[in-house]
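Reading through the structure tokens given below for one structure.
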Amino acid sequence: MSKQEKNAYILGTDKAELHRLGLQHQVWSSEARRGWELAEFSAGQRILDLGCGPGFCTQDLAYMLGEQGEVIGIDKSKAYIDFLSRTTKLHGLNIKAVCSDFDDMELEEESLDGAYCRWALAWISNPEEIIAKVRRALVPGGAFVVQEYYDWSTLQTEPSFPNLDKCIAAALNSFKSSESEIDIGRNIPELFYNQGLEVINIRPMTKLATPESLTWQWPKSFFNIYLPRLVEMGLLNEKVCKEGLEEMDELEYLPEATILCPHMVEVIGVKA
């Protein structure tokens, strides 16, 4: 996974991004498991991991569902699906890894006991259509757990630094200029109800990072990978990027520093 896969992910699918996703999963894994508990995912079930990436959540789900259960991991990145396939074989897990765009994925009607996605609907232009596909594939009583950004603009540091602030604003502007909705989390309850899913739980998820915490490494790793990409795309001044990353390093040496991460929300809907 040393070469960059074209048009797969906004942050790429190379080795550096694979490691960032692994770190990200460590930061957010407890939130994922809490959502699965609330949705009553359990051994023997068949669960969809929508937008599974390299499969860090997929693997966790497979262990939870046991030998009689199965996880279907769907992602458009061939590099990540290949990685998940190797992981599946290595660990002997019941995972079906599928390389497919959400528009083209084939889901048998009433074949799933549940579904999960994290940061998948924020990057597509037709989330309601995809929710409808998942709903049709759920058995009656099946739950769909969605964890997405509610307000990405809450990302901020204390103390603030001028160039780092400009870098954060440029990142947000790049998301806002796309055809998708970065803050799709706020719309999920309405989209669920529109598609016949009863919302049974809405849970805010906020993380405040301090320099010594693992959570701190999540925004730091994002800055290190995405800000240079913004420069390449002509969306951020190279000097501002360089100085912004230097300010991030300076921030890390301040014991009183904090980073408020983008505000997340979890919505769980059940098929009537």
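Quick note on naming: the chains in the structure tokens go A, B, ... in the order shown, residues restart at 1 in each chain, and ligands are numbered from 1 in order of appearance.
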**Neighbour list for Ile202 of chain A as a VMD selection string, cut-off 7 Å, only C-alpha atoms, skip fewer than 4 positions in-chain** = chain A and resid 266 to 268
Identify all residues of segment 13-248 of chain A in helix (DSSP H, G or I) (DSSP on the backbone) and supply them as a PDB file with C-alpha atoms, in the first residue's frame.
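Contents of result.pdb, as written:
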```pdb
ATOM      1  CA  LYS A  15       0.554   3.790   4.086  1.00  0.00           C
ATOM      2  CA  ALA A  16       0.503   7.059   6.032  1.00  0.00           C
ATOM      3  CA  GLU A  17      -3.292   7.262   5.779  1.00  0.00           C
ATOM      4  CA  LEU A  18      -3.661   3.595   6.705  1.00  0.00           C
ATOM      5  CA  HIS A  19      -1.748   4.280   9.904  1.00  0.00           C
ATOM      6  CA  ARG A  20      -3.793   7.436  10.562  1.00  0.00           C
ATOM      7  CA  LEU A  21      -6.997   5.415  10.237  1.00  0.00           C
ATOM      8  CA  GLY A  22      -5.619   2.857  12.673  1.00  0.00           C
ATOM      9  CA  LEU A  23      -4.898   5.626  15.159  1.00  0.00           C
ATOM     10  CA  GLN A  24      -8.330   7.138  14.536  1.00  0.00           C
ATOM     11  CA  HIS A  25      -9.963   3.801  15.282  1.00  0.00           C
ATOM     12  CA  GLN A  26      -8.107   3.546  18.589  1.00  0.00           C
ATOM     13  CA  VAL A  27      -9.467   6.959  19.564  1.00  0.00           C
ATOM     14  CA  TRP A  28     -13.044   6.160  18.552  1.00  0.00           C
ATOM     15  CA  SER A  29     -13.328   2.389  19.106  1.00  0.00           C
ATOM     16  CA  SER A  30     -15.070   2.700  22.474  1.00  0.00           C
ATOM     17  CA  GLU A  31     -17.729   4.925  20.865  1.00  0.00           C
ATOM     18  CA  ALA A  32     -18.255   2.365  18.113  1.00  0.00           C
ATOM     19  CA  ARG A  33     -18.687  -0.454  20.619  1.00  0.00           C
ATOM     20  CA  ARG A  34     -21.117   1.628  22.662  1.00  0.00           C
ATOM     21  CA  GLY A  35     -23.242   2.161  19.554  1.00  0.00           C
ATOM     22  CA  TRP A  36     -23.247  -1.554  18.789  1.00  0.00           C
ATOM     23  CA  GLU A  37     -24.343  -2.290  22.345  1.00  0.00           C
ATOM     24  CA  LEU A  38     -27.203   0.208  22.134  1.00  0.00           C
ATOM     25  CA  PHE A  56     -10.595  -1.939  11.755  1.00  0.00           C
ATOM     26  CA  CYS A  57     -14.251  -1.852  12.850  1.00  0.00           C
ATOM     27  CA  THR A  58     -15.035  -4.817  10.606  1.00  0.00           C
ATOM     28  CA  GLN A  59     -12.544  -6.958  12.469  1.00  0.00           C
ATOM     29  CA  ASP A  60     -13.906  -5.885  15.864  1.00  0.00           C
ATOM     30  CA  LEU A  61     -17.437  -6.696  14.720  1.00  0.00           C
ATOM     31  CA  ALA A  62     -16.374 -10.110  13.434  1.00  0.00           C
ATOM     32  CA  TYR A  63     -14.934 -11.107  16.795  1.00  0.00           C
ATOM     33  CA  MET A  64     -18.088  -9.852  18.511  1.00  0.00           C
ATOM     34  CA  LEU A  65     -20.437 -11.739  16.178  1.00  0.00           C
ATOM     35  CA  LYS A  78      -9.538  -1.744  -3.708  1.00  0.00           C
ATOM     36  CA  ALA A  79      -6.377  -1.189  -1.666  1.00  0.00           C
ATOM     37  CA  TYR A  80      -8.358  -1.214   1.570  1.00  0.00           C
ATOM     38  CA  ILE A  81     -10.528  -4.177   0.576  1.00  0.00           C
ATOM     39  CA  ASP A  82      -7.380  -6.120  -0.316  1.00  0.00           C
ATOM     40  CA  PHE A  83      -5.951  -5.210   3.096  1.00  0.00           C
ATOM     41  CA  LEU A  84      -9.149  -6.381   4.806  1.00  0.00           C
ATOM     42  CA  SER A  85      -9.125  -9.625   2.822  1.00  0.00           C
ATOM     43  CA  ARG A  86      -5.597 -10.373   4.016  1.00  0.00           C
ATOM     44  CA  THR A  87      -6.602  -9.574   7.607  1.00  0.00           C
ATOM     45  CA  THR A  88      -9.647 -11.837   7.294  1.00  0.00           C
ATOM     46  CA  LYS A  89      -7.559 -14.751   6.057  1.00  0.00           C
ATOM     47  CA  LEU A  90      -4.850 -14.184   8.676  1.00  0.00           C
ATOM     48  CA  HIS A  91      -7.293 -14.190  11.591  1.00  0.00           C
ATOM     49  CA  LEU A 121     -22.302   9.350   4.458  1.00  0.00           C
ATOM     50  CA  ALA A 122     -20.429  12.656   4.797  1.00  0.00           C
ATOM     51  CA  TRP A 123     -18.517  11.980   1.584  1.00  0.00           C
ATOM     52  CA  PRO A 127     -27.021   9.792   1.480  1.00  0.00           C
ATOM     53  CA  GLU A 128     -30.814   9.324   1.552  1.00  0.00           C
ATOM     54  CA  GLU A 129     -30.674   6.911  -1.400  1.00  0.00           C
ATOM     55  CA  ILE A 130     -28.000   4.855   0.335  1.00  0.00           C
ATOM     56  CA  ILE A 131     -29.957   4.847   3.605  1.00  0.00           C
ATOM     57  CA  ALA A 132     -32.942   3.546   1.632  1.00  0.00           C
ATOM     58  CA  LYS A 133     -30.818   0.698   0.208  1.00  0.00           C
ATOM     59  CA  VAL A 134     -29.651  -0.263   3.675  1.00  0.00           C
ATOM     60  CA  ARG A 135     -33.196  -0.104   5.096  1.00  0.00           C
ATOM     61  CA  ARG A 136     -34.476  -2.512   2.439  1.00  0.00           C
ATOM     62  CA  ALA A 137     -31.670  -4.924   3.334  1.00  0.00           C
ATOM     63  CA  TRP A 152     -17.008  20.121  11.864  1.00  0.00           C
ATOM     64  CA  SER A 153     -16.504  23.848  12.498  1.00  0.00           C
ATOM     65  CA  THR A 154     -16.188  23.203  16.239  1.00  0.00           C
ATOM     66  CA  PRO A 162      -3.257  32.580  13.406  1.00  0.00           C
ATOM     67  CA  ASN A 163      -1.814  30.297  10.739  1.00  0.00           C
ATOM     68  CA  LEU A 164      -3.205  27.111  12.252  1.00  0.00           C
ATOM     69  CA  ASP A 165      -6.620  28.778  12.364  1.00  0.00           C
ATOM     70  CA  LYS A 166      -6.289  29.584   8.652  1.00  0.00           C
ATOM     71  CA  CYS A 167      -5.345  25.968   7.945  1.00  0.00           C
ATOM     72  CA  ILE A 168      -8.401  24.663   9.800  1.00  0.00           C
ATOM     73  CA  ALA A 169     -10.629  27.114   7.921  1.00  0.00           C
ATOM     74  CA  ALA A 170      -9.139  25.997   4.590  1.00  0.00           C
ATOM     75  CA  ALA A 171      -9.857  22.354   5.430  1.00  0.00           C
ATOM     76  CA  LEU A 172     -13.466  23.148   6.270  1.00  0.00           C
ATOM     77  CA  ASN A 173     -13.863  25.223   3.102  1.00  0.00           C
ATOM     78  CA  SER A 174     -12.583  22.287   1.040  1.00  0.00           C
ATOM     79  CA  PHE A 175     -15.286  20.078   2.530  1.00  0.00           C
ATOM     80  CA  LYS A 176     -18.017  22.677   2.133  1.00  0.00           C
ATOM     81  CA  ILE A 184     -24.540  15.149   7.542  1.00  0.00           C
ATOM     82  CA  GLY A 185     -24.976  13.946  11.130  1.00  0.00           C
ATOM     83  CA  ARG A 186     -27.463  16.701  11.888  1.00  0.00           C
ATOM     84  CA  ASN A 187     -29.675  15.492   9.008  1.00  0.00           C
ATOM     85  CA  ILE A 188     -29.639  11.770   9.797  1.00  0.00           C
ATOM     86  CA  PRO A 189     -32.752  11.748  12.064  1.00  0.00           C
ATOM     87  CA  GLU A 190     -34.851  13.346   9.316  1.00  0.00           C
ATOM     88  CA  LEU A 191     -33.418  11.058   6.642  1.00  0.00           C
ATOM     89  CA  PHE A 192     -34.111   8.027   8.821  1.00  0.00           C
ATOM     90  CA  TYR A 193     -37.725   9.007   9.386  1.00  0.00           C
ATOM     91  CA  ASN A 194     -38.141   9.738   5.660  1.00  0.00           C
ATOM     92  CA  LEU A 214      -4.055   9.683  22.541  1.00  0.00           C
ATOM     93  CA  THR A 215      -6.949  11.808  21.315  1.00  0.00           C
ATOM     94  CA  TRP A 216      -4.470  14.634  20.589  1.00  0.00           C
ATOM     95  CA  GLN A 217      -2.828  12.489  17.930  1.00  0.00           C
ATOM     96  CA  TRP A 218      -6.091  12.299  15.973  1.00  0.00           C
ATOM     97  CA  PRO A 219      -6.270  15.960  14.824  1.00  0.00           C
ATOM     98  CA  LYS A 220      -2.474  16.129  14.674  1.00  0.00           C
ATOM     99  CA  SER A 221      -2.285  13.229  12.218  1.00  0.00           C
ATOM    100  CA  PHE A 222      -5.083  14.783  10.159  1.00  0.00           C
ATOM    101  CA  PHE A 223      -3.228  18.104   9.930  1.00  0.00           C
ATOM    102  CA  ASN A 224       0.020  16.423   8.910  1.00  0.00           C
ATOM    103  CA  ILE A 225      -1.616  14.543   6.026  1.00  0.00           C
ATOM    104  CA  TYR A 226      -4.400  16.806   4.796  1.00  0.00           C
ATOM    105  CA  LEU A 227      -2.899  20.294   5.019  1.00  0.00           C
ATOM    106  CA  PRO A 228      -0.109  19.527   2.493  1.00  0.00           C
ATOM    107  CA  ARG A 229      -2.796  18.091   0.202  1.00  0.00           C
ATOM    108  CA  LEU A 230      -4.640  21.399   0.383  1.00  0.00           C
ATOM    109  CA  VAL A 231      -1.464  23.112  -0.800  1.00  0.00           C
ATOM    110  CA  GLU A 232      -1.228  20.671  -3.727  1.00  0.00           C
ATOM    111  CA  GLU A 238       2.320  26.870   1.244  1.00  0.00           C
ATOM    112  CA  LYS A 239       3.825  29.336   3.728  1.00  0.00           C
ATOM    113  CA  VAL A 240       0.636  29.350   5.826  1.00  0.00           C
ATOM    114  CA  CYS A 241       0.637  25.540   5.798  1.00  0.00           C
ATOM    115  CA  LYS A 242       4.257  25.329   6.914  1.00  0.00           C
ATOM    116  CA  GLU A 243       3.783  27.872   9.689  1.00  0.00           C
ATOM    117  CA  GLY A 244       0.474  26.317  10.722  1.00  0.00           C
ATOM    118  CA  LEU A 245       2.121  22.918  11.202  1.00  0.00           C
ATOM    119  CA  GLU A 246       4.931  24.581  13.143  1.00  0.00           C
ATOM    120  CA  GLU A 247       2.311  26.221  15.376  1.00  0.00           C
ATOM    121  CA  MET A 248       0.732  22.807  15.931  1.00  0.00           C
TER     122      MET A 248
END
```
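With distances restricted to only C-alpha atoms, A:Ala257 is the closest residue to Thr157 of chain A from A:Ile124, A:Ile47, A:Ala257, A:Ile95.
Between Pro204 of chain A and the residues A:Ala143, A:Met105, A:Leu138, A:Met264, the shortest atom-to-atom distance, using only C-alpha atoms, involves A:Met264.
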**Message:** Ranking A:Thr258, A:Ser177, A:Asn201, A:Gln45 by minimum distance to Asp113 of chain A and counting only C-alpha atoms, which one comes first?
**Reply:** A:Gln45
